[in-house]
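One file, upload05.cif, carrying mmCIF, C-alpha atoms:
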```cif
data_structure
loop_
_atom_site.label_atom_id
_atom_site.label_comp_id
_atom_site.auth_asym_id
_atom_site.auth_seq_id
_atom_site.Cartn_x
_atom_site.Cartn_y
_atom_site.Cartn_z
CA MET A 1222 100.27 154.20 34.70
CA PRO A 1223 101.61 150.68 35.16
CA VAL A 1224 104.80 151.24 37.21
CA THR A 1225 105.27 149.87 40.75
CA ILE A 1226 108.19 150.55 43.09
CA VAL A 1227 109.29 148.17 45.85
CA VAL A 1228 111.35 149.83 48.58
CA GLY A 1229 112.67 148.71 51.96
CA THR A 1230 111.40 150.71 54.93
CA GLN A 1231 114.10 149.76 57.46
CA TRP A 1232 117.86 149.12 57.15
CA GLY A 1233 117.60 146.52 54.42
CA ASP A 1234 117.21 142.73 54.47
CA GLU A 1235 113.43 143.10 54.78
CA GLY A 1236 112.71 140.41 52.19
CA LYS A 1237 112.32 142.60 49.11
CA GLY A 1238 113.41 139.77 46.81
CA LYS A 1239 110.60 137.54 48.04
CA ILE A 1240 107.93 140.20 47.53
CA VAL A 1241 109.31 141.16 44.11
CA ASP A 1242 109.18 137.50 43.18
CA ALA A 1243 105.55 137.31 44.35
CA LEU A 1244 104.63 140.39 42.30
CA ALA A 1245 106.62 139.38 39.23
CA ARG A 1246 104.03 136.94 37.96
CA ASP A 1247 101.86 139.96 37.07
CA MET A 1248 104.72 142.03 35.64
CA ASP A 1249 106.39 142.27 32.24
CA MET A 1250 109.66 143.94 33.30
CA VAL A 1251 111.61 144.04 36.58
CA VAL A 1252 114.28 146.74 36.96
CA ARG A 1253 117.11 147.18 39.50
CA TYR A 1254 117.50 150.93 39.95
CA GLN A 1255 120.45 151.48 42.35
CA GLY A 1256 123.14 149.86 44.45
CA GLY A 1257 125.56 147.14 43.47
CA HIS A 1258 126.56 143.68 44.62
CA ASN A 1259 126.78 144.85 48.23
CA ALA A 1260 123.16 143.84 48.74
CA GLY A 1261 121.74 140.37 48.17
CA HIS A 1262 118.18 139.30 47.48
CA THR A 1263 117.17 135.78 48.43
CA VAL A 1264 114.34 134.00 46.59
CA VAL A 1265 113.25 130.46 47.48
CA VAL A 1266 111.58 128.44 44.72
CA GLY A 1267 110.50 125.03 45.98
CA ASP A 1268 113.59 123.54 47.61
CA THR A 1269 115.95 125.81 45.68
CA ARG A 1270 117.37 129.00 47.17
CA PHE A 1271 118.62 131.72 44.81
CA ALA A 1272 120.90 134.35 46.34
CA LEU A 1273 120.92 137.19 43.82
CA GLN A 1274 123.36 140.10 43.98
CA LEU A 1275 123.01 142.13 40.79
CA ALA A 1276 120.40 140.32 38.71
CA PRO A 1277 116.85 141.60 39.28
CA SER A 1278 114.67 139.11 41.16
CA GLY A 1279 112.35 138.84 38.16
CA ILE A 1280 115.05 137.03 36.18
CA LEU A 1281 113.67 133.75 37.57
CA TYR A 1282 110.48 134.17 35.48
CA GLU A 1283 110.54 133.24 31.80
CA HIS A 1284 108.07 135.98 30.79
CA ILE A 1285 109.99 138.80 32.51
CA THR A 1286 112.45 141.15 30.83
CA PRO A 1287 114.98 141.87 33.62
CA VAL A 1288 116.78 145.21 33.45
CA ILE A 1289 119.71 146.76 35.32
CA GLY A 1290 119.23 150.53 35.19
CA ASN A 1291 121.62 153.44 34.97
CA GLY A 1292 121.61 154.00 38.74
CA VAL A 1293 123.35 150.69 39.47
CA VAL A 1294 127.13 150.25 39.73
CA ILE A 1295 128.26 147.02 38.08
CA ASP A 1296 131.24 144.81 38.81
CA PRO A 1297 131.46 142.92 35.49
CA GLY A 1298 133.28 139.94 36.96
CA VAL A 1299 130.66 139.49 39.68
CA LEU A 1300 127.81 139.87 37.19
CA ILE A 1301 129.28 137.27 34.84
CA GLU A 1302 129.82 134.82 37.71
CA GLU A 1303 126.23 135.32 38.87
CA LEU A 1304 124.80 134.80 35.39
CA ASP A 1305 126.90 131.68 34.87
CA ALA A 1306 125.65 130.31 38.21
CA LEU A 1307 122.04 130.98 37.24
CA GLU A 1308 122.50 129.37 33.83
CA SER A 1309 123.97 126.28 35.50
CA ARG A 1310 120.72 125.98 37.45
CA GLY A 1311 118.52 126.25 34.38
CA VAL A 1312 117.71 129.98 34.47
CA ASP A 1313 117.73 131.76 31.08
CA THR A 1314 119.80 134.94 31.51
CA THR A 1315 120.05 135.95 27.84
CA LYS A 1316 117.06 138.27 28.22
CA LEU A 1317 118.87 140.54 30.72
CA LYS A 1318 119.29 144.15 29.56
CA LEU A 1319 121.93 146.52 30.94
CA SER A 1320 122.01 150.31 30.81
CA GLY A 1321 125.05 151.65 28.98
CA ASN A 1322 125.03 154.52 31.47
CA ALA A 1323 125.55 152.27 34.49
CA HIS A 1324 128.96 152.84 36.07
CA LEU A 1325 131.62 150.16 36.36
CA ILE A 1326 133.25 149.05 39.59
CA MET A 1327 137.00 148.90 38.95
CA PRO A 1328 139.80 147.10 40.83
CA TYR A 1329 140.96 150.36 42.41
CA HIS A 1330 137.50 150.84 43.88
CA HIS A 1331 137.85 147.55 45.78
CA GLU A 1332 141.28 148.56 47.06
CA LEU A 1333 140.14 152.01 48.15
CA ASP A 1334 137.13 150.58 49.97
CA ARG A 1335 139.28 148.09 51.85
CA LEU A 1336 142.07 150.53 52.70
CA THR A 1337 139.73 153.32 53.77
CA GLU A 1338 137.85 151.08 56.21
CA ARG A 1339 141.14 149.90 57.70
CA TYR A 1340 142.37 153.49 57.94
CA LEU A 1341 139.21 154.57 59.83
CA GLY A 1342 139.82 151.94 62.51
CA LYS A 1343 137.20 152.04 65.25
CA ASN A 1344 135.31 154.73 63.29
CA LYS A 1345 134.82 152.47 60.28
CA LEU A 1346 131.42 152.51 58.59
CA GLY A 1347 131.05 148.77 58.21
CA THR A 1348 130.98 148.70 54.40
CA THR A 1349 131.03 145.41 52.51
CA LYS A 1350 134.41 146.43 50.97
CA ARG A 1351 133.11 145.71 47.49
CA GLY A 1352 133.99 149.04 45.94
CA ILE A 1353 130.47 150.45 45.88
CA GLY A 1354 131.17 153.74 47.68
CA PRO A 1355 134.33 154.60 45.72
CA ALA A 1356 132.54 153.82 42.44
CA TYR A 1357 129.71 156.21 43.31
CA ALA A 1358 132.28 158.79 44.45
CA ASP A 1359 133.98 158.65 41.05
CA LYS A 1360 130.58 159.00 39.42
CA ALA A 1361 129.95 162.18 41.42
CA THR A 1362 133.37 163.62 40.61
CA ARG A 1363 132.87 162.70 36.92
CA VAL A 1364 135.86 160.43 36.54
CA GLY A 1365 133.93 157.17 36.50
CA LEU A 1366 133.97 154.65 33.67
CA ARG A 1367 130.61 153.52 32.34
CA LEU A 1368 129.45 150.31 30.75
CA GLN A 1369 129.30 151.94 27.32
CA ASP A 1370 133.03 152.76 27.58
CA LEU A 1371 133.74 149.06 27.10
CA ASP A 1372 132.46 149.47 23.56
CA ASP A 1373 135.20 152.01 22.72
CA PRO A 1374 138.65 150.69 23.73
CA LYS A 1375 140.30 154.00 22.87
CA ILE A 1376 138.03 155.98 25.18
CA PHE A 1377 138.34 153.31 27.88
CA HIS A 1378 142.14 153.53 27.67
CA GLN A 1379 142.15 157.34 27.91
CA LYS A 1380 139.76 157.46 30.86
CA LEU A 1381 141.56 154.68 32.73
CA GLU A 1382 144.92 156.37 32.23
CA VAL A 1383 143.66 159.63 33.72
CA VAL A 1384 141.88 158.14 36.73
CA LEU A 1385 144.55 155.56 37.56
CA LYS A 1386 147.23 158.24 37.66
CA GLU A 1387 145.31 159.85 40.52
CA LYS A 1388 144.43 156.58 42.27
CA ASN A 1389 147.99 155.27 42.19
CA ALA A 1390 149.21 158.53 43.72
CA ILE A 1391 146.70 158.08 46.53
CA PHE A 1392 147.74 154.48 47.04
CA ALA A 1393 151.43 155.40 47.26
CA LYS A 1394 151.30 158.60 49.30
CA ILE A 1395 148.51 157.82 51.75
CA TYR A 1396 148.35 154.04 52.06
CA ASN A 1397 151.88 152.96 51.10
CA HIS A 1398 150.28 150.62 48.59
CA LEU A 1399 151.77 149.32 45.36
CA PRO A 1400 150.38 150.90 42.15
CA LEU A 1401 147.87 149.07 39.97
CA ASP A 1402 148.88 148.20 36.42
CA PRO A 1403 146.59 149.86 33.82
CA GLU A 1404 147.51 147.27 31.17
CA VAL A 1405 146.34 144.42 33.39
CA ILE A 1406 143.05 146.18 34.12
CA GLU A 1407 142.49 147.13 30.50
CA SER A 1408 143.14 143.60 29.30
CA GLN A 1409 140.74 142.16 31.85
CA TYR A 1410 137.89 144.57 31.10
CA ILE A 1411 138.23 144.87 27.32
CA LYS A 1412 139.28 141.34 26.41
CA CYS A 1413 137.50 139.28 29.07
CA TYR A 1414 134.49 141.24 30.26
CA ALA A 1415 133.42 143.27 27.22
CA PRO A 1416 132.57 140.30 24.94
CA ARG A 1417 130.24 138.90 27.62
CA ILE A 1418 128.72 142.18 28.78
CA LEU A 1419 128.23 144.27 25.64
CA PRO A 1420 125.59 142.05 23.96
CA MET A 1421 123.30 142.85 26.91
CA MET A 1422 123.83 146.62 26.74
CA THR A 1423 120.98 148.77 25.46
CA ASP A 1424 119.27 152.14 25.86
CA THR A 1425 117.20 151.10 28.86
CA VAL A 1426 115.40 154.45 29.10
CA ALA A 1427 114.00 153.96 25.61
CA LEU A 1428 113.26 150.30 26.40
CA LEU A 1429 111.28 151.16 29.53
CA HIS A 1430 109.34 154.01 27.94
CA ASP A 1431 108.46 151.79 24.99
CA GLY A 1432 107.13 149.33 27.54
CA ILE A 1433 105.08 152.04 29.25
CA SER A 1434 103.59 153.19 25.94
CA GLN A 1435 102.61 149.58 25.21
CA GLY A 1436 100.88 149.25 28.57
CA ARG A 1437 103.40 146.78 29.96
CA HIS A 1438 103.62 146.40 33.73
CA ILE A 1439 106.98 147.42 35.18
CA LEU A 1440 108.37 146.77 38.66
CA LEU A 1441 111.26 148.87 39.99
CA GLU A 1442 113.35 147.04 42.59
CA GLY A 1443 115.80 148.76 44.89
CA ALA A 1444 118.64 147.45 47.01
CA GLN A 1445 119.23 148.38 50.66
CA ALA A 1446 116.46 150.51 52.18
CA THR A 1447 115.13 153.88 53.31
CA PHE A 1448 117.37 154.34 56.36
CA LEU A 1449 120.47 153.51 54.35
CA ASP A 1450 119.64 156.24 51.85
CA LEU A 1451 122.54 158.64 51.28
CA ASP A 1452 120.34 161.70 51.95
CA HIS A 1453 117.63 160.40 54.27
CA GLY A 1454 119.32 157.57 56.15
CA THR A 1455 121.26 157.47 59.42
CA TYR A 1456 124.26 159.30 57.94
CA PRO A 1457 127.16 158.52 57.78
CA PHE A 1458 126.16 154.89 58.35
CA VAL A 1459 124.42 154.70 55.00
CA THR A 1460 124.96 153.41 51.49
CA SER A 1461 126.27 155.52 48.61
CA SER A 1462 123.07 155.79 46.58
CA ASN A 1463 119.38 156.60 47.00
CA PRO A 1464 117.25 153.51 47.72
CA CYS A 1465 114.21 155.72 48.40
CA ALA A 1466 111.42 155.86 45.82
CA GLY A 1467 112.85 159.05 44.33
CA GLY A 1468 116.01 157.11 43.48
CA ALA A 1469 113.90 154.73 41.41
CA CYS A 1470 113.03 157.57 39.04
CA SER A 1471 116.58 158.86 38.61
CA GLY A 1472 118.01 155.33 38.50
CA THR A 1473 115.80 154.24 35.61
CA GLY A 1474 114.81 157.38 33.70
CA ILE A 1475 111.10 156.90 34.49
CA GLY A 1476 109.42 160.09 35.69
CA PRO A 1477 107.21 160.14 38.81
CA LEU A 1478 103.96 160.65 36.88
CA TYR A 1479 104.21 157.05 35.67
CA ILE A 1480 104.38 155.60 39.20
CA ASP A 1481 101.04 154.38 40.54
CA ARG A 1482 102.03 152.12 43.45
CA ILE A 1483 104.88 152.17 45.97
CA ILE A 1484 105.06 149.11 48.19
CA GLY A 1485 107.10 149.41 51.37
CA ILE A 1486 108.67 146.21 52.67
CA ALA A 1487 108.85 145.87 56.45
CA LYS A 1488 110.09 142.90 58.43
CA ALA A 1489 108.04 141.94 61.51
CA TYR A 1490 111.12 142.93 63.50
CA VAL A 1491 114.12 145.07 62.51
CA THR A 1492 117.68 144.16 61.54
CA ARG A 1493 120.77 146.12 60.71
CA VAL A 1494 124.25 145.24 59.41
CA GLY A 1495 127.28 147.27 60.41
CA ALA A 1496 127.59 150.33 62.62
CA GLY A 1497 125.05 153.07 63.31
CA PRO A 1498 122.15 153.93 65.64
CA PHE A 1499 119.53 151.24 66.33
CA PRO A 1500 117.01 152.37 68.99
CA THR A 1501 115.12 149.05 69.30
CA GLU A 1502 118.16 146.75 69.22
CA CYS A 1503 117.94 143.84 71.63
CA ASP A 1504 120.37 141.19 72.81
CA GLY A 1505 120.39 138.02 74.85
CA PRO A 1506 118.14 134.99 74.27
CA VAL A 1507 115.48 136.91 72.31
CA ALA A 1508 118.06 138.26 69.88
CA ASP A 1509 119.58 134.81 69.45
CA GLU A 1510 116.11 133.38 68.81
CA LEU A 1511 115.35 135.95 66.12
CA VAL A 1512 118.73 135.44 64.45
CA GLN A 1513 118.35 131.67 64.47
CA ARG A 1514 114.72 131.49 63.32
CA GLY A 1515 115.09 134.28 60.77
CA TYR A 1516 118.55 133.16 59.62
CA GLU A 1517 119.76 136.71 60.06
CA TYR A 1518 123.10 136.52 58.30
CA GLY A 1519 124.08 138.65 55.31
CA THR A 1520 123.31 137.08 51.93
CA ASN A 1521 126.69 138.20 50.62
CA THR A 1522 128.84 138.90 53.68
CA LYS A 1523 127.51 136.13 56.00
CA ARG A 1524 127.84 138.64 58.86
CA ARG A 1525 125.38 138.19 61.73
CA ARG A 1526 122.82 140.96 61.61
CA ARG A 1527 121.92 143.08 64.60
CA VAL A 1528 118.29 142.51 65.57
CA GLY A 1529 115.60 144.51 67.35
CA TRP A 1530 111.87 145.01 67.81
CA PHE A 1531 109.54 146.51 65.21
CA ASP A 1532 109.81 150.30 65.08
CA THR A 1533 106.70 152.23 64.02
CA VAL A 1534 108.53 155.57 64.32
CA MET A 1535 110.83 154.45 61.51
CA LEU A 1536 107.95 153.08 59.48
CA ARG A 1537 105.93 156.30 59.64
CA HIS A 1538 108.95 158.29 58.49
CA ALA A 1539 109.61 155.84 55.64
CA ILE A 1540 105.99 156.22 54.53
CA LYS A 1541 106.47 159.99 54.32
CA LEU A 1542 109.76 159.82 52.43
CA ASN A 1543 108.56 157.31 49.84
CA SER A 1544 104.84 158.13 49.45
CA ILE A 1545 104.21 154.46 50.26
CA THR A 1546 100.77 153.20 49.23
CA ASP A 1547 100.80 149.89 51.09
CA ILE A 1548 103.04 147.63 53.16
CA ALA A 1549 104.32 144.09 52.70
CA LEU A 1550 105.05 142.59 56.12
CA THR A 1551 107.62 139.79 55.96
CA LYS A 1552 108.90 137.08 58.31
CA LEU A 1553 105.88 137.18 60.60
CA ASP A 1554 106.49 133.47 61.26
CA VAL A 1555 109.86 134.23 62.90
CA LEU A 1556 107.91 135.59 65.89
CA ASP A 1557 105.94 132.33 66.33
CA SER A 1558 107.85 131.14 69.40
CA LEU A 1559 107.76 134.37 71.44
CA ASP A 1560 105.58 134.81 74.54
CA VAL A 1561 105.63 138.60 74.32
CA ILE A 1562 106.23 140.80 71.27
CA ARG A 1563 107.33 144.39 71.66
CA VAL A 1564 106.53 147.21 69.25
CA CYS A 1565 108.19 150.61 69.52
CA VAL A 1566 105.61 153.40 69.28
CA ALA A 1567 107.79 156.41 70.24
CA TYR A 1568 111.24 157.44 71.47
CA GLU A 1569 112.16 159.15 74.72
CA THR A 1570 115.22 161.01 75.95
CA ASP A 1571 115.78 163.63 78.66
CA GLY A 1572 112.07 163.74 79.42
CA THR A 1573 111.04 164.44 75.82
CA VAL A 1574 108.91 161.97 73.87
CA TYR A 1575 109.32 161.76 70.09
CA GLU A 1576 106.54 160.19 68.03
CA ASP A 1577 108.34 161.31 64.86
CA LEU A 1578 111.93 160.58 63.93
CA PRO A 1579 114.24 163.16 65.58
CA TYR A 1580 115.79 165.45 63.01
CA ASN A 1581 119.07 165.79 64.90
CA GLN A 1582 121.23 162.67 64.65
CA SER A 1583 122.77 163.37 68.07
CA VAL A 1584 119.31 162.95 69.59
CA LEU A 1585 118.68 159.73 67.65
CA HIS A 1586 121.85 158.21 69.10
CA LYS A 1587 120.57 158.85 72.66
CA VAL A 1588 116.91 157.88 72.50
CA SER A 1589 115.30 154.94 74.26
CA PRO A 1590 112.30 153.18 72.72
CA VAL A 1591 108.80 153.45 74.20
CA TYR A 1592 107.21 150.02 73.80
CA ARG A 1593 103.77 148.49 73.64
CA GLU A 1594 103.77 144.83 74.54
CA LEU A 1595 101.51 142.41 72.68
CA PRO A 1596 100.92 138.74 73.49
CA GLY A 1597 102.59 136.21 71.19
CA TRP A 1598 100.49 133.64 69.36
CA LYS A 1599 102.74 130.61 70.04
CA THR A 1600 101.46 128.97 66.85
CA ASP A 1601 103.16 127.83 63.64
CA LEU A 1602 102.06 130.22 60.87
CA SER A 1603 103.94 128.56 58.02
CA ASN A 1604 100.90 126.75 56.60
CA ALA A 1605 98.50 129.70 56.71
CA SER A 1606 97.28 130.73 53.25
CA SER A 1607 94.74 133.40 54.19
CA ILE A 1608 94.31 136.06 56.84
CA GLU A 1609 91.47 134.02 58.35
CA GLU A 1610 93.85 131.12 58.98
CA LEU A 1611 96.10 133.24 61.18
CA PRO A 1612 95.50 133.05 64.95
CA GLN A 1613 93.67 136.04 66.42
CA LYS A 1614 96.75 137.26 68.29
CA ALA A 1615 98.73 137.38 65.04
CA ARG A 1616 95.89 139.32 63.40
CA ASN A 1617 95.87 141.66 66.39
CA PHE A 1618 99.59 142.31 65.85
CA ILE A 1619 98.97 143.12 62.18
CA ASP A 1620 96.02 145.38 63.03
CA PHE A 1621 98.15 147.20 65.60
CA LEU A 1622 100.83 147.93 62.97
CA VAL A 1623 98.16 149.17 60.55
CA GLU A 1624 96.74 151.50 63.20
CA ALA A 1625 100.18 152.75 64.26
CA SER A 1626 101.34 153.44 60.71
CA GLY A 1627 98.06 154.56 59.16
CA ILE A 1628 98.57 152.41 56.08
CA ASN A 1629 97.30 149.06 54.85
CA ILE A 1630 99.32 145.85 55.04
CA SER A 1631 98.56 144.07 51.77
CA PHE A 1632 101.08 141.19 51.88
CA ILE A 1633 102.11 139.00 54.81
CA GLY A 1634 105.08 136.64 54.62
CA VAL A 1635 104.77 133.49 56.72
CA GLY A 1636 107.80 131.56 55.48
CA PRO A 1637 110.73 131.68 53.06
CA SER A 1638 109.18 129.86 50.11
CA ARG A 1639 107.58 131.49 47.08
CA GLY A 1640 104.08 130.38 48.05
CA GLN A 1641 104.22 131.49 51.68
CA VAL A 1642 102.76 134.95 51.07
CA ILE A 1643 99.27 135.91 52.17
CA ARG A 1644 97.59 138.61 50.08
CA ARG A 1645 95.36 140.80 52.22
#
```
Represent the structure contained in this file as structure tokens.
Amino acid sequence: MPVTIVVGTQWGDEGKGKIVDALARDMDMVVRYQGGHNAGHTVVVGDTRFALQLAPSGILYEHITPVIGNGVVIDPGVLIEELDALESRGVDTTKLKLSGNAHLIMPYHHELDRLTERYLGKNKLGTTKRGIGPAYADKATRVGLRLQDLDDPKIFHQKLEVVLKEKNAIFAKIYNHLPLDPEVIESQYIKCYAPRILPMMTDTVALLHDGISQGRHILLEGAQATFLDLDHGTYPFVTSSNPCAGGACSGTGIGPLYIDRIIGIAKAYVTRVGAGPFPTECDGPVADELVQRGYEYGTNTKRRRRVGWFDTVMLRHAIKLNSITDIALTKLDVLDSLDVIRVCVAYETDGTVYEDLPYNQSVLHKVSPVYRELPGWKTDLSNASSIEELPQKARNFIDFLVEASGINISFIGVGPSRGQVIRR
């Protein structure tokens, strides 16, 4: 059963792209299973940094067949721009395969995302305003347009006419916004995008199951992370899809019996973008240090990320939700300069201690973290290539996380480059 899932265990930005890249050398296919271009993956190869939005991280390897599965929402213009940028840097993108069942992000999705956030005011969710949520909403209400609709201009025209009639009414009556022109949209998608996109379209479910039957190794790569999951995250401050391991099955058409490894990615501290609860959030000089050393700015949005200490309560819950088999710990080197490192082991509020994540979101918003303090190692880890080369205090930190989570840490990131991963 040669299928591996990589899933974030926090609020995203854990370094999934780096770990996928490290695993890809042993894989035959790498598949994006959900999300859209609201989440970026950064991979550093030598002195070159690749900021990927839609393309699976495995596209940088010549032997990999990269796939975008049915669970992803695709903005064709963004995808084409990304592929052109990769080609200009010598990356072969002709091998990319796209599911015909993946939904399209349309111009009205961008407008709705932007207008809705503005309308919410101080209660806004902090979305990237890239149309992801509205595209998934149309998918759920069964008025979405799919990639395969580009192959039938008549069907595309009929579907667009129906949905745009509703959207334009919303624009006019609620937001006092000018209507969108269906002819302009249709011309852009059918005449400009379709010729570039359709040659990559295929039945990805059949493709992946053929690969499984041939014993090929397949890696399923999600965007965002566990606590941004629509069902299991810190709702409503979540994404519009299911980044959890279960979403990998529905987003690709691969059943759970074929999954034999689920790697959870955890950063050595925690970050979050946008609004929502964050029990271990810190500020002041320590926060500035983490942001600066970890370059904690959104790959796509360039927004400064909120930062905080490692949270084992979150990690234990993520392990439950995803059936995680082992952990990849990233950005350990970012902690190199700290005298003291805090790790949250429980929450407390109103005299009650929670070692498990509180079920009630009102409680989660009120909790304070219970910390264990560990001594920092004050040593540059960037040149370490084995666990033995790490200072004892760094190994003690890793061992503490293993004990607190009850699960093995099998990868340790000690820098941004491709080779700065210790296998344990």
inquiry  = Measuring between all atoms listed in the file, which one of A:Pro1612, A:Pro1416, A:Pro1457, A:Pro1223 shows the shortest distance to Gly1497 in chain A?
reply    =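 Closest candidate: A:Pro1457.
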ask   = Which protein, DNA or RNA residues have an atom at most 12 Å from (96.3, 147.7, 67.2), counting all atoms listed in the file? List them as number ranges by chain.
value = A: 1533, 1564, 1566, 1593-1596, 1613-1627
Write out as a short mmCIF file (atom, residue, chain, number, x, y, z; two decimals) with C-alpha atoms, in the frame of the given file the residues lying within 8 Å of Gly1472 in chain A, counting all atoms listed in the file and excluding same-chain residues fewer than 3 positions away.
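Final output, part01.cif:
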```cif
data_model
loop_
_atom_site.label_atom_id
_atom_site.label_comp_id
_atom_site.auth_asym_id
_atom_site.auth_seq_id
_atom_site.Cartn_x
_atom_site.Cartn_y
_atom_site.Cartn_z
CA TYR A 1254 117.50 150.93 39.95
CA GLN A 1255 120.45 151.48 42.35
CA GLY A 1290 119.23 150.53 35.19
CA ASN A 1291 121.62 153.44 34.97
CA GLY A 1292 121.61 154.00 38.74
CA VAL A 1293 123.35 150.69 39.47
CA GLY A 1468 116.01 157.11 43.48
CA ALA A 1469 113.90 154.73 41.41
#
```
Non-local contacts of Ala1446 in chain A (12 Å; only C-alpha atoms; under 3 positions in same chain excluded) as a VMD selection string = chain A and resid 1227 to 1237 1255 to 1256 1260 1442 to 1443 1449 to 1455 1459 to 1466 1468 to 1469 1485 to 1488 1491 to 1494 1535 to 1536 1539 1542 to 1543
ask   = Could you spell out the hits of the PyMOL selection byres ((chain A and resi 1528) around 12) on the shown file, as an NGL selection string?
value = :A and (1231-1235 or 1488-1495 or 1499-1518 or 1525-1527 or 1529-1532)
inquiry  = I need the residue nearest Leu1399 in chain A from this list: A:Asp1305, A:Glu1338, A:Glu1332, A:Asp1249. Use all atoms listed in the file for the distance.
reply    =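 Smallest distance to Leu1399 in chain A is found for A:Glu1332.
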task = Take CA of Val1294 in chain A and CA of Thr1423 in chain A and report the distance between them in Å, one decimal.
result =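 Answer for the CA of Val1294 in chain A to CA of Thr1423 in chain A separation: 15.6 Å.
Using the PyMOL selection byres ((chain A and resi 1317) around 8) on the file at hand returns these residues: Ile1280, Thr1286, Pro1287, Val1288, Ile1289, Thr1314, Thr1315, Lys1316, Lys1318, Leu1319 and Met1421 of chain A.
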Next, write the just-selected residues to a file, as a tab-separated table (two decimals), keeping the file's coordinate frame, keeping C-alpha atoms as the atom set.
```
chain	number	residue	atom	x	y	z
A	1280	ILE	CA	115.05	137.03	36.18
A	1286	THR	CA	112.45	141.15	30.83
A	1287	PRO	CA	114.98	141.87	33.62
A	1288	VAL	CA	116.78	145.21	33.45
A	1289	ILE	CA	119.71	146.76	35.32
A	1314	THR	CA	119.80	134.94	31.51
A	1315	THR	CA	120.05	135.95	27.84
A	1316	LYS	CA	117.06	138.27	28.22
A	1318	LYS	CA	119.29	144.15	29.56
A	1319	LEU	CA	121.93	146.52	30.94
A	1421	MET	CA	123.30	142.85	26.91
```
message = Taking all atoms listed in the file into account, name the residue in A:Arg1644, A:Lys1394, A:His1438, A:Lys1388 that is nearest to Ala1245 in chain A.
response =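 For Ala1245 in chain A, the nearest of the candidates is A:His1438.
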query = Between A:Pro1355, A:Gly1257, A:Pro1374, A:Gly1636, which one has atoms that come closest to Ala1415 in chain A, using all atoms listed in the file?
reply = A:Pro1374
Starting from the shown file, work through the PyMOL selection byres ((chain A and resi 1587) around 9) and note down what comes out as a PDB file with C-alpha atoms, in the coordinates of the input.
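Written file, expr_23.pdb:
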```pdb
ATOM      1  CA  PRO A1498     122.150 153.930  65.640  1.00  0.00           C
ATOM      2  CA  PRO A1500     117.010 152.370  68.990  1.00  0.00           C
ATOM      3  CA  GLU A1569     112.160 159.150  74.720  1.00  0.00           C
ATOM      4  CA  THR A1570     115.220 161.010  75.950  1.00  0.00           C
ATOM      5  CA  GLN A1582     121.230 162.670  64.650  1.00  0.00           C
ATOM      6  CA  SER A1583     122.770 163.370  68.070  1.00  0.00           C
ATOM      7  CA  VAL A1584     119.310 162.950  69.590  1.00  0.00           C
ATOM      8  CA  LEU A1585     118.680 159.730  67.650  1.00  0.00           C
ATOM      9  CA  HIS A1586     121.850 158.210  69.100  1.00  0.00           C
ATOM     10  CA  VAL A1588     116.910 157.880  72.500  1.00  0.00           C
ATOM     11  CA  SER A1589     115.300 154.940  74.260  1.00  0.00           C
TER      12      SER A1589
END
```
query = Hey, which of A:Leu1478, A:Cys1470, A:Val1252, A:Ala1272 ends up closest to Gly1519 in chain A? Count all atoms listed in the file.
reply =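 Closest to Gly1519 in chain A, using all atoms listed in the file: A:Ala1272.
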Neighbour list for Ile1475 in chain A as a PyMOL selection string, cut-off 8 Å, only C-alpha atoms, skip fewer than 2 positions in-chain = chain A and resi 1426+1429-1430+1469-1471+1473+1477+1479
So that I have them on file, write out the residues from the current selection with C-alpha atoms, as an mmCIF file, keeping the file's coordinate frame.
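What follows is the written file selection.cif:
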```cif
data_model
loop_
_atom_site.group_PDB
_atom_site.id
_atom_site.type_symbol
_atom_site.label_atom_id
_atom_site.label_comp_id
_atom_site.auth_asym_id
_atom_site.auth_seq_id
_atom_site.Cartn_x
_atom_site.Cartn_y
_atom_site.Cartn_z
ATOM 1 C CA VAL A 1426 115.400 154.450 29.100
ATOM 2 C CA LEU A 1429 111.280 151.160 29.530
ATOM 3 C CA HIS A 1430 109.340 154.010 27.940
ATOM 4 C CA ALA A 1469 113.900 154.730 41.410
ATOM 5 C CA CYS A 1470 113.030 157.570 39.040
ATOM 6 C CA SER A 1471 116.580 158.860 38.610
ATOM 7 C CA THR A 1473 115.800 154.240 35.610
ATOM 8 C CA PRO A 1477 107.210 160.140 38.810
ATOM 9 C CA TYR A 1479 104.210 157.050 35.670
#
```
ask   = In Å to one decimal, how far is CA of Ala1427 in chain A from CA of Val1364 in chain A?
value = 25.3 Å
query = From the list A:Thr1600, A:Asp1373, A:His1331, A:Glu1303, which residue is nearest Leu1419 in chain A when using all atoms listed in the file?
reply = A:Asp1373
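Pairwise distance (CA of Met1250 in chain A, CA of Arg1437 in chain A) equals 7.6 Å.
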ask   = Residues at most 7 Å from Leu1440 in chain A, counting only C-alpha atoms, excluding those fewer than 5 positions away in the same chain, as a VMD selection string?
value = chain A and resid 1224 to 1226 1248 1250 to 1252
